[in-house]
$ cat input03.txt   # compact mmCIF, C-alpha atoms
# COMPACT_ATOMS: atom_id res chain seq x y z
CA MET A 1 -29.53 6.48 -35.25
CA GLY A 2 -28.37 2.88 -35.17
CA MET A 3 -28.19 0.17 -32.53
CA TYR A 4 -24.95 -1.69 -31.86
CA ILE A 5 -23.82 -4.26 -29.31
CA GLY A 6 -20.47 -4.21 -27.54
CA VAL A 7 -18.97 -7.19 -25.75
CA MET A 8 -15.97 -7.16 -23.44
CA SER A 9 -14.20 -9.70 -21.24
CA GLY A 10 -11.05 -8.46 -19.56
CA THR A 11 -7.85 -9.89 -18.16
CA SER A 12 -9.51 -10.66 -14.83
CA ILE A 13 -11.42 -13.47 -16.62
CA ASP A 14 -14.46 -13.00 -14.39
CA GLY A 15 -17.10 -12.88 -17.11
CA VAL A 16 -18.63 -10.98 -20.00
CA ASP A 17 -20.13 -7.50 -20.11
CA ALA A 18 -22.48 -6.88 -23.04
CA VAL A 19 -24.23 -3.62 -23.87
CA LEU A 20 -26.83 -2.49 -26.37
CA VAL A 21 -26.40 1.13 -27.37
CA SER A 22 -27.78 3.61 -29.86
CA ILE A 23 -25.25 5.82 -31.62
CA SER A 24 -26.14 9.02 -33.42
CA GLU A 25 -24.65 12.42 -34.15
CA LYS A 26 -25.88 13.49 -30.72
CA GLY A 27 -23.80 10.84 -28.95
CA ILE A 28 -24.07 7.34 -27.54
CA LYS A 29 -26.91 6.12 -25.34
CA LEU A 30 -27.05 2.94 -23.28
CA ILE A 31 -30.24 0.96 -23.91
CA ALA A 32 -29.54 -2.23 -21.94
CA SER A 33 -26.72 -4.27 -20.46
CA VAL A 34 -26.05 -7.74 -19.05
CA SER A 35 -23.21 -9.36 -17.16
CA HIS A 36 -22.67 -13.01 -17.95
CA ASP A 37 -20.40 -15.19 -15.83
CA PHE A 38 -17.99 -17.59 -17.43
CA PRO A 39 -18.69 -21.23 -16.56
CA ASP A 40 -16.22 -22.14 -13.79
CA ASN A 41 -14.42 -24.72 -15.88
CA LEU A 42 -13.98 -22.28 -18.78
CA ALA A 43 -12.57 -19.57 -16.51
CA GLU A 44 -10.12 -22.01 -14.95
CA GLU A 45 -8.96 -23.34 -18.31
CA LEU A 46 -8.37 -19.80 -19.55
CA LYS A 47 -6.32 -18.99 -16.45
CA GLU A 48 -4.34 -22.18 -16.92
CA LEU A 49 -3.66 -21.23 -20.52
CA LEU A 50 -2.27 -17.88 -19.34
CA ARG A 51 -0.10 -19.57 -16.70
CA SER A 52 1.24 -22.37 -18.87
CA ASP A 53 4.52 -22.35 -20.77
CA LYS A 54 3.29 -25.20 -22.98
CA ILE A 55 0.40 -24.66 -25.36
CA VAL A 56 -1.67 -27.44 -26.90
CA LEU A 57 -3.16 -26.24 -30.17
CA GLN A 58 -6.28 -28.35 -29.71
CA LYS A 59 -6.94 -26.60 -26.39
CA VAL A 60 -6.52 -23.16 -27.94
CA GLY A 61 -8.95 -24.04 -30.72
CA GLU A 62 -11.50 -25.46 -28.30
CA LEU A 63 -11.33 -22.38 -26.07
CA ASP A 64 -11.79 -20.17 -29.13
CA HIS A 65 -14.95 -22.11 -29.96
CA ARG A 66 -16.31 -22.17 -26.40
CA LEU A 67 -15.76 -18.45 -25.95
CA GLY A 68 -17.60 -17.75 -29.20
CA ILE A 69 -20.59 -19.68 -27.84
CA VAL A 70 -20.47 -17.88 -24.46
CA TYR A 71 -20.29 -14.48 -26.15
CA ALA A 72 -23.25 -15.41 -28.36
CA GLU A 73 -25.23 -16.56 -25.31
CA SER A 74 -24.59 -13.26 -23.55
CA ILE A 75 -25.70 -11.33 -26.65
CA ASN A 76 -28.89 -13.36 -27.04
CA LYS A 77 -29.64 -12.83 -23.35
CA LEU A 78 -29.11 -9.08 -23.81
CA ILE A 79 -31.46 -8.93 -26.81
CA LEU A 80 -34.12 -10.90 -24.99
CA GLU A 81 -33.97 -8.72 -21.88
CA ALA A 82 -33.91 -5.50 -23.91
CA GLY A 83 -37.00 -6.57 -25.85
CA VAL A 84 -35.64 -5.38 -29.20
CA ASP A 85 -35.75 -7.03 -32.59
CA ARG A 86 -32.32 -8.38 -33.49
CA LYS A 87 -32.98 -7.26 -37.07
CA ASP A 88 -32.58 -3.71 -35.85
CA VAL A 89 -29.07 -4.30 -34.48
CA ILE A 90 -26.53 -3.28 -37.09
CA ALA A 91 -23.46 -5.04 -35.70
CA ILE A 92 -21.72 -6.55 -32.71
CA GLY A 93 -18.24 -5.48 -31.61
CA CYS A 94 -16.54 -8.19 -29.55
CA HIS A 95 -13.02 -7.61 -28.24
CA GLY A 96 -12.49 -11.29 -27.40
CA GLN A 97 -10.43 -12.74 -24.58
CA THR A 98 -6.79 -11.70 -24.73
CA VAL A 99 -4.50 -14.65 -24.05
CA PHE A 100 -1.26 -13.09 -25.27
CA HIS A 101 -0.09 -9.62 -26.24
CA ASN A 102 3.49 -8.98 -27.34
CA PRO A 103 3.78 -5.83 -29.45
CA ARG A 104 7.53 -5.39 -28.96
CA GLY A 105 8.96 -8.79 -29.81
CA LYS A 106 10.95 -9.75 -32.88
CA TYR A 107 7.67 -10.87 -34.45
CA PRO A 108 5.01 -8.74 -32.72
CA PHE A 109 1.64 -10.39 -32.27
CA THR A 110 -1.51 -10.35 -30.19
CA MET A 111 -4.10 -13.07 -29.68
CA GLN A 112 -7.73 -12.74 -28.66
CA LEU A 113 -9.98 -15.80 -28.57
CA GLY A 114 -13.71 -15.94 -29.33
CA ASP A 115 -14.71 -17.16 -32.79
CA GLY A 116 -16.51 -14.35 -34.64
CA ASN A 117 -18.00 -16.87 -37.09
CA LEU A 118 -19.82 -18.57 -34.24
CA ILE A 119 -21.00 -15.28 -32.75
CA ALA A 120 -22.49 -14.22 -36.09
CA ALA A 121 -24.01 -17.65 -36.74
CA ASN A 122 -25.56 -17.95 -33.27
CA THR A 123 -26.91 -14.40 -33.05
CA GLY A 124 -27.82 -13.65 -36.64
CA ILE A 125 -26.01 -10.32 -36.40
CA THR A 126 -22.95 -9.10 -38.31
CA THR A 127 -19.98 -9.37 -35.94
CA VAL A 128 -16.67 -7.54 -35.75
CA THR A 129 -13.69 -9.00 -33.87
CA ASP A 130 -9.87 -8.92 -34.09
CA PHE A 131 -9.59 -5.18 -33.47
CA ARG A 132 -5.91 -5.00 -32.59
CA ARG A 133 -3.97 -6.62 -35.40
CA MET A 134 -4.49 -4.08 -38.21
CA ASP A 135 -3.07 -1.39 -35.96
CA MET A 136 -0.09 -3.68 -35.27
CA ALA A 137 0.31 -4.37 -38.98
CA PHE A 138 0.96 -0.64 -39.36
CA GLY A 139 3.60 -0.67 -36.64
CA GLY A 140 1.35 0.08 -33.66
CA GLU A 141 1.02 -1.56 -30.26
CA GLY A 142 -2.54 -2.66 -31.00
CA ALA A 143 -3.59 -1.24 -27.63
CA PRO A 144 -5.03 0.51 -25.83
CA LEU A 145 -7.94 1.09 -28.20
CA THR A 146 -10.48 2.62 -25.82
CA PRO A 147 -8.80 6.07 -25.75
CA ALA A 148 -10.28 6.76 -29.20
CA PHE A 149 -13.73 6.24 -27.68
CA HIS A 150 -12.83 8.33 -24.63
CA LYS A 151 -11.71 11.17 -26.89
CA GLU A 152 -14.91 10.98 -28.92
CA PHE A 153 -17.36 11.02 -26.02
CA PHE A 154 -15.61 12.27 -22.85
CA SER A 155 -13.61 15.30 -24.01
CA SER A 156 -14.37 18.59 -22.27
CA ASP A 157 -13.76 22.27 -22.97
CA SER A 158 -14.01 23.17 -19.31
CA GLU A 159 -11.53 20.83 -17.58
CA ASN A 160 -8.38 18.84 -18.23
CA ARG A 161 -9.69 15.32 -17.74
CA VAL A 162 -8.05 11.96 -17.38
CA ILE A 163 -10.13 8.85 -18.05
CA LEU A 164 -8.58 6.01 -16.04
CA ASN A 165 -9.57 2.43 -16.79
CA LEU A 166 -8.73 0.05 -13.94
CA GLY A 167 -9.03 -3.42 -15.41
CA GLY A 168 -6.32 -6.03 -15.01
CA ILE A 169 -4.05 -3.42 -16.58
CA ALA A 170 -4.44 0.33 -16.02
CA ASN A 171 -4.74 2.60 -19.02
CA ILE A 172 -5.19 6.35 -19.19
CA SER A 173 -6.59 8.82 -21.68
CA ILE A 174 -5.39 12.37 -21.05
CA LEU A 175 -8.05 14.70 -22.48
CA ASN A 176 -6.48 18.11 -22.16
CA LYS A 177 -7.89 20.93 -24.26
CA ASP A 178 -4.57 21.19 -26.11
CA LYS A 179 -3.15 17.69 -25.70
CA PHE A 180 -4.22 14.07 -26.05
CA VAL A 181 -2.21 11.11 -24.75
CA GLY A 182 -3.21 7.51 -24.09
CA MET A 183 -1.29 4.48 -22.82
CA ASP A 184 -1.16 1.48 -20.50
CA THR A 185 0.55 2.62 -17.31
CA GLY A 186 1.11 -0.88 -15.88
CA PRO A 187 -0.78 -3.14 -13.49
CA ALA A 188 -4.15 -2.23 -12.02
CA ASN A 189 -6.03 -5.20 -10.55
CA CYS A 190 -4.06 -8.07 -12.06
CA LEU A 191 -1.28 -8.36 -9.48
CA MET A 192 -3.53 -7.69 -6.49
CA ASP A 193 -6.02 -10.27 -7.75
CA LEU A 194 -3.32 -12.89 -8.28
CA TRP A 195 -1.85 -12.33 -4.84
CA ILE A 196 -5.13 -12.58 -2.92
CA GLN A 197 -6.12 -15.62 -4.95
CA LYS A 198 -2.87 -17.30 -3.99
CA CYS A 199 -2.91 -16.32 -0.30
CA LEU A 200 -6.59 -16.22 0.67
CA ASP A 201 -8.32 -18.06 -2.19
CA LYS A 202 -10.50 -15.01 -2.88
CA LYS A 203 -11.19 -13.73 -6.39
CA TYR A 204 -10.34 -10.13 -5.53
CA ASP A 205 -9.70 -7.76 -2.66
CA CYS A 206 -13.16 -6.30 -1.98
CA ASN A 207 -12.88 -2.53 -1.42
CA GLY A 208 -9.12 -3.04 -1.02
CA SER A 209 -9.74 -3.99 2.61
CA TRP A 210 -6.90 -6.54 2.77
CA ALA A 211 -4.44 -4.07 1.24
CA LYS A 212 -5.62 -1.46 3.71
CA SER A 213 -4.85 -3.82 6.60
CA GLY A 214 -1.19 -4.01 5.57
CA ARG A 215 1.69 -1.58 5.43
CA VAL A 216 3.68 -0.57 2.38
CA CYS A 217 7.19 -2.03 2.26
CA ASN A 218 9.23 0.77 0.70
CA GLY A 219 12.10 -1.53 -0.24
CA LEU A 220 9.77 -3.86 -2.12
CA LEU A 221 8.03 -0.93 -3.77
CA GLU A 222 11.35 0.44 -5.02
CA SER A 223 12.18 -3.02 -6.36
CA PHE A 224 8.88 -3.10 -8.25
CA LEU A 225 9.46 0.38 -9.66
CA LYS A 226 12.74 -0.71 -11.27
CA GLU A 227 10.72 -2.61 -13.89
CA ASP A 228 11.84 -1.36 -17.31
CA TYR A 229 8.27 -0.93 -18.54
CA PHE A 230 7.65 1.99 -16.22
CA GLY A 231 10.53 3.90 -17.84
CA LEU A 232 9.27 3.45 -21.40
CA VAL A 233 7.72 6.46 -23.07
CA ALA A 234 4.31 6.40 -24.75
CA PRO A 235 3.03 4.85 -26.89
CA LYS A 236 3.19 1.65 -24.90
CA SER A 237 0.97 -1.27 -23.88
CA THR A 238 1.39 -4.30 -21.67
CA GLY A 239 -0.41 -7.27 -20.14
CA LYS A 240 -0.17 -10.40 -18.02
CA GLU A 241 2.72 -11.63 -20.14
CA LEU A 242 4.82 -9.28 -18.03
CA PHE A 243 2.83 -8.57 -14.87
CA ASN A 244 2.05 -12.01 -13.47
CA MET A 245 2.71 -14.20 -10.42
CA ASN A 246 6.26 -14.97 -11.52
CA TRP A 247 6.93 -11.23 -11.62
CA ILE A 248 5.73 -10.84 -8.03
CA GLU A 249 7.69 -13.83 -6.77
CA ASP A 250 10.89 -12.74 -8.51
CA HIS A 251 10.75 -9.45 -6.59
CA LEU A 252 9.93 -11.20 -3.30
CA THR A 253 13.18 -13.18 -3.40
CA ASN A 254 14.91 -10.58 -1.21
CA PHE A 255 11.86 -9.86 0.95
CA SER A 256 11.00 -13.26 2.40
CA LYS A 257 9.97 -11.89 5.81
CA ILE A 258 7.32 -9.46 4.58
CA SER A 259 3.75 -10.41 5.54
CA GLU A 260 1.21 -11.34 2.90
CA GLN A 261 -1.01 -8.34 3.61
CA ASP A 262 2.01 -6.03 3.40
CA VAL A 263 2.71 -7.42 -0.09
CA GLN A 264 -0.89 -6.61 -1.02
CA ALA A 265 -0.57 -3.09 0.37
CA THR A 266 2.62 -2.60 -1.63
CA LEU A 267 1.02 -3.88 -4.85
CA CYS A 268 -1.84 -1.43 -4.35
CA GLU A 269 0.66 1.37 -3.77
CA LEU A 270 2.50 0.37 -6.95
CA THR A 271 -0.68 0.68 -8.99
CA ALA A 272 -1.57 4.11 -7.61
CA ARG A 273 1.99 5.43 -7.84
CA THR A 274 2.66 4.36 -11.44
CA ILE A 275 -0.68 5.72 -12.65
CA VAL A 276 -0.15 9.15 -11.15
CA ASP A 277 3.52 9.23 -12.21
CA ALA A 278 2.45 8.62 -15.83
CA ILE A 279 -0.25 11.29 -15.71
CA ASN A 280 2.12 13.84 -14.16
CA LEU A 281 4.73 13.13 -16.82
CA TYR A 282 2.40 13.97 -19.69
CA SER A 283 -0.15 16.32 -18.12
CA PRO A 284 0.95 18.01 -14.88
CA ASP A 285 -1.95 20.48 -15.17
CA TYR A 286 -4.78 17.92 -15.11
CA THR A 287 -7.72 18.77 -12.86
CA SER A 288 -9.86 15.64 -12.69
CA ILE A 289 -9.72 11.85 -12.98
CA TYR A 290 -12.75 9.77 -13.95
CA VAL A 291 -12.32 6.09 -13.15
CA CYS A 292 -13.94 3.10 -14.86
CA GLY A 293 -13.42 -0.66 -14.84
CA GLY A 294 -13.63 -3.09 -11.94
CA GLY A 295 -11.01 -1.18 -9.96
CA ALA A 296 -13.38 1.78 -9.74
CA PHE A 297 -15.02 -0.07 -6.84
CA ASN A 298 -11.76 -0.52 -4.92
CA THR A 299 -12.22 2.34 -2.47
CA PHE A 300 -8.77 1.96 -0.93
CA LEU A 301 -7.08 2.13 -4.33
CA LEU A 302 -8.99 5.33 -5.11
CA GLU A 303 -7.90 6.67 -1.72
CA ARG A 304 -4.26 5.98 -2.59
CA LEU A 305 -4.70 7.65 -5.99
CA GLY A 306 -5.96 10.71 -4.15
CA ALA A 307 -2.93 10.67 -1.86
CA PHE A 308 -0.60 10.85 -4.87
CA ALA A 309 -2.78 13.45 -6.62
CA PRO A 310 -3.73 15.99 -3.92
CA GLY A 311 -6.21 18.63 -5.02
CA VAL A 312 -7.34 16.62 -8.04
CA GLU A 313 -11.02 15.70 -8.22
CA ILE A 314 -11.43 11.92 -8.46
CA ASN A 315 -14.80 10.50 -9.53
CA THR A 316 -16.02 7.51 -11.48
CA THR A 317 -17.47 7.76 -14.98
CA ALA A 318 -20.92 7.47 -13.38
CA LYS A 319 -20.63 11.24 -12.94
CA LEU A 320 -20.38 11.44 -16.74
CA ASN A 321 -23.53 9.29 -16.99
CA VAL A 322 -21.68 6.14 -18.03
CA HIS A 323 -21.62 3.14 -15.69
CA GLU A 324 -18.10 2.37 -14.52
CA GLN A 325 -18.24 -1.29 -15.56
CA LEU A 326 -19.65 -0.68 -19.04
CA VAL A 327 -17.28 1.85 -20.61
CA GLU A 328 -15.11 -0.72 -22.41
CA ALA A 329 -18.06 -2.68 -23.79
CA MET A 330 -19.59 0.58 -25.06
CA ALA A 331 -16.26 1.39 -26.69
CA PHE A 332 -16.35 -1.82 -28.72
CA ALA A 333 -19.93 -1.13 -29.82
CA TRP A 334 -18.61 2.18 -31.17
CA LEU A 335 -15.62 0.47 -32.78
CA ALA A 336 -18.03 -1.93 -34.51
CA LYS A 337 -19.85 1.09 -35.90
CA GLN A 338 -16.54 2.50 -37.14
CA ARG A 339 -15.75 -0.80 -38.90
CA VAL A 340 -19.15 -1.12 -40.55
CA LEU A 341 -18.89 2.44 -41.87
CA GLU A 342 -15.24 1.82 -42.85
CA CYS A 343 -14.03 4.65 -40.61
CA GLU A 344 -10.71 4.58 -38.78
CA GLY A 345 -10.78 3.32 -35.20
CA ASN A 346 -7.24 3.80 -33.90
CA LEU A 347 -5.28 6.83 -32.75
CA PRO A 348 -1.64 6.67 -33.92
CA GLU A 349 -0.57 9.03 -31.14
CA VAL A 350 -1.78 6.37 -28.67
CA THR A 351 -0.77 3.12 -30.36
CA GLY A 352 2.25 4.26 -32.36
CA ALA A 353 0.84 3.09 -35.70
CA ARG A 354 2.09 4.82 -38.84
CA SER A 355 -1.41 5.97 -39.73
CA LYS A 356 -5.07 5.80 -38.87
CA VAL A 357 -6.64 2.56 -40.11
CA VAL A 358 -9.95 0.72 -40.15
CA LEU A 359 -9.91 -1.90 -37.40
CA GLY A 360 -11.51 -5.31 -37.11
CA SER A 361 -12.45 -8.42 -39.06
CA LEU A 362 -16.09 -8.48 -40.14
CA TYR A 363 -18.21 -11.65 -40.11
CA LYS A 364 -21.42 -11.26 -42.09
CA ASN A 365 -24.64 -12.81 -40.83
CA ASN A 366 -25.35 -14.14 -44.34
CA GLY A 367 -28.86 -12.69 -44.22
CA ILE A 368 -30.00 -15.09 -41.49
CA LYS A 369 -31.94 -13.24 -38.81
CA ASP A 370 -34.13 -15.98 -37.32
CA ILE A 371 -32.09 -17.57 -34.57
CA SER A 372 -33.29 -20.37 -32.34
CA LEU A 373 -32.64 -19.31 -28.74

$ encode --input "input03.txt" --output "structure tokens"
Amino acid sequence: MGMYIGVMSGTSIDGVDAVLVSISEKGIKLIASVSHDFPDNLAEELKELLRSDKIVLQKVGELDHRLGIVYAESINKLILEAGVDRKDVIAIGCHGQTVFHNPRGKYPFTMQLGDGNLIAANTGITTVTDFRRMDMAFGGEGAPLTPAFHKEFFSSDSENRVILNLGGIANISILNKDKFVGMDTGPANCLMDLWIQKCLDKKYDCNGSWAKSGRVCNGLLESFLKEDYFGLVAPKSTGKELFNMNWIEDHLTNFSKISEQDVQATLCELTARTIVDAINLYSPDYTSIYVCGGGAFNTFLLERLGAFAPGVEINTTAKLNVHEQLVEAMAFAWLAKQRVLECEGNLPEVTGARSKVVLGSLYKNNGIKDISL
């Protein structure tokens, strides 16, 4: 048995989730977890970086440094609260903050910030980051990576499961007994969050109550559904480079009279519809959906998923004994273990890579274990 730490901050840019887990042949066990908010100025500067068409290299470098420090702080807080000796932690897996992901361009690339050198230096623990680019070097999309973890720990012989992660982007892992498929289906929370931030100055739509107060505009929904991404076949991945405020406003050009809450209702409907459409395309005989990520707490979104998937059991991953908000962080703890043991971490059938490869750049702790907190 070995202890590993996983760290995740998603496209919602609302903070850091860090978990301490033990991994053995019997499975993975959560020991402790912390959630660590981004300082307000850091969150805003990250959002501005994502919105901006002009990039200042100094700003990118400074954000990379500041994120490394924040990740290290969250890890040190986790170790302190768990009451474990950091010498017993084998490695940290930190996904980093995605600021750009373009796997289909002329020169495909992805960028996650959060300096692994600083994480290792400020925690005293070997750190693994940069999980996506080796998969991309072998022709893959570099994402999603969590389906490999889902397949390892959530597969079942008794039901055809779908693990649905509702972060900024929605991704699915279809765990049929005779089939495995994983992909990003499109937007989950990202568009709804952007719209409520713009209209009501709220971070997110709690329980989907604002969306529930509106009515779906079928014309706008059909306009949304014409997006080319939805017609692409797996493997595929996407991000805020495509699904952003400009995307919403471009579609609203011909729907100027629609109310703001009706736009929110339609964005929620888009998320539910595109998720279920993708599942039905690849696994029409699925029997259950287990939801994780921040969107697992959007009760109205789950209600709309149920409307498109009648007769299908919809639960959160809590029913599988894994907290909804911690699945991704646990996945990167497992991916750190894979890197340390030099085992492959990707699934070519999900990412499109030519082969299975070892993922991640490893930053040694240089033998230093005594860290001043």

$ residues_around --input "input03.txt" --residues "Leu341 in chain A" --least-positions-apart "2" --cutoff "12 Å" --atoms "all atoms listed in the file" --output "PyMOL selection string"
chain A and resi 2+90-91+128+334-339+343-345+358-360+362

$ write_last_selection --input "input03.txt" --atoms "C-alpha atoms" --output "mmCIF file, in the frame of the given file"
data_model
loop_
_atom_site.group_PDB
_atom_site.id
_atom_site.type_symbol
_atom_site.label_atom_id
_atom_site.label_comp_id
_atom_site.auth_asym_id
_atom_site.auth_seq_id
_atom_site.Cartn_x
_atom_site.Cartn_y
_atom_site.Cartn_z
ATOM 1 C CA GLY A 2 -28.370 2.880 -35.170
ATOM 2 C CA ILE A 90 -26.530 -3.280 -37.090
ATOM 3 C CA ALA A 91 -23.460 -5.040 -35.700
ATOM 4 C CA VAL A 128 -16.670 -7.540 -35.750
ATOM 5 C CA TRP A 334 -18.610 2.180 -31.170
ATOM 6 C CA LEU A 335 -15.620 0.470 -32.780
ATOM 7 C CA ALA A 336 -18.030 -1.930 -34.510
ATOM 8 C CA LYS A 337 -19.850 1.090 -35.900
ATOM 9 C CA GLN A 338 -16.540 2.500 -37.140
ATOM 10 C CA ARG A 339 -15.750 -0.800 -38.900
ATOM 11 C CA CYS A 343 -14.030 4.650 -40.610
ATOM 12 C CA GLU A 344 -10.710 4.580 -38.780
ATOM 13 C CA GLY A 345 -10.780 3.320 -35.200
ATOM 14 C CA VAL A 358 -9.950 0.720 -40.150
ATOM 15 C CA LEU A 359 -9.910 -1.900 -37.400
ATOM 16 C CA GLY A 360 -11.510 -5.310 -37.110
ATOM 17 C CA LEU A 362 -16.090 -8.480 -40.140
#

$ residues_around --input "input03.txt" --residues "range 275-287 of chain A" --least-positions-apart "2" --cutoff "6 Å" --atoms "all atoms listed in the file" --output "ChimeraX atom specification"
/A:160,185,272-273,312

$ closest_residue --input "input03.txt" --among "A:Leu166, A:Thr253, A:Arg66, A:Asn346" --to "Leu305 in chain A" --atoms "all atoms listed in the file"
A:Leu166

$ residues_around --input "input03.txt" --residues "Ile55 in chain A" --least-positions-apart "5" --cutoff "12 Å" --atoms "only C-alpha atoms" --output "JSON, numbers by chain"
{"A": [45, 46, 48, 49, 50, 60, 61, 63, 99, 100]}

$ atom_distance --input "input03.txt" --atom1 "CA of His65 in chain A" --atom2 "CA of Gly114 in chain A"
6.3 Å

$ atom_distance --input "input03.txt" --atom1 "CA of Asp64 in chain A" --atom2 "CA of Tyr204 in chain A"
25.7 Å

$ atom_distance --input "input03.txt" --atom1 "CA of Thr316 in chain A" --atom2 "CA of Cys292 in chain A"
5.9 Å

$ decode --input "input03.txt" --residues "range 152-203 of chain A" --atoms "C-alpha atoms" --output "tab-separated table (two decimals), in the first residue's frame"
chain	number	residue	atom	x	y	z
A	152	GLU	CA	-9.97	0.89	-13.19
A	153	PHE	CA	-12.19	1.53	-10.17
A	154	PHE	CA	-15.83	1.90	-11.27
A	155	SER	CA	-16.36	-0.94	-13.75
A	156	SER	CA	-19.14	-3.39	-12.92
A	157	ASP	CA	-20.12	-6.90	-14.02
A	158	SER	CA	-23.73	-6.36	-13.04
A	159	GLU	CA	-24.74	-3.15	-14.84
A	160	ASN	CA	-23.88	-1.03	-17.86
A	161	ARG	CA	-22.65	2.11	-16.15
A	162	VAL	CA	-21.88	5.59	-17.35
A	163	ILE	CA	-19.66	7.80	-15.19
A	164	LEU	CA	-20.56	11.42	-15.98
A	165	ASN	CA	-18.26	14.21	-14.85
A	166	LEU	CA	-19.98	17.60	-14.80
A	167	GLY	CA	-17.20	20.14	-14.51
A	168	GLY	CA	-16.95	23.14	-16.81
A	169	ILE	CA	-16.98	20.56	-19.61
A	170	ALA	CA	-18.96	17.31	-19.46
A	171	ASN	CA	-17.14	14.05	-20.05
A	172	ILE	CA	-18.45	10.50	-20.00
A	173	SER	CA	-16.98	7.07	-19.43
A	174	ILE	CA	-19.20	4.29	-20.79
A	175	LEU	CA	-18.42	1.17	-18.75
A	176	ASN	CA	-20.37	-1.54	-20.52
A	177	LYS	CA	-19.40	-5.14	-19.88
A	178	ASP	CA	-18.41	-5.50	-23.54
A	179	LYS	CA	-17.58	-1.91	-24.50
A	180	PHE	CA	-15.61	1.05	-23.20
A	181	VAL	CA	-15.91	4.59	-24.59
A	182	GLY	CA	-14.86	7.93	-23.13
A	183	MET	CA	-15.08	11.50	-24.42
A	184	ASP	CA	-15.96	15.13	-23.75
A	185	THR	CA	-19.58	15.61	-24.80
A	186	GLY	CA	-19.52	19.43	-24.69
A	187	PRO	CA	-20.42	22.06	-22.12
A	188	ALA	CA	-21.54	21.20	-18.60
A	189	ASN	CA	-21.33	24.13	-16.17
A	190	CYS	CA	-19.14	26.50	-18.16
A	191	LEU	CA	-21.81	28.24	-20.24
A	192	MET	CA	-24.39	28.37	-17.46
A	193	ASP	CA	-21.78	29.80	-15.08
A	194	LEU	CA	-20.68	32.45	-17.57
A	195	TRP	CA	-24.25	33.51	-18.27
A	196	ILE	CA	-25.32	33.89	-14.64
A	197	GLN	CA	-22.08	35.71	-13.85
A	198	LYS	CA	-22.81	38.17	-16.64
A	199	CYS	CA	-26.51	38.67	-15.86
A	200	LEU	CA	-26.80	38.31	-12.08
A	201	ASP	CA	-23.20	38.58	-10.88
A	202	LYS	CA	-23.46	35.17	-9.20
A	203	LYS	CA	-20.72	32.55	-9.44
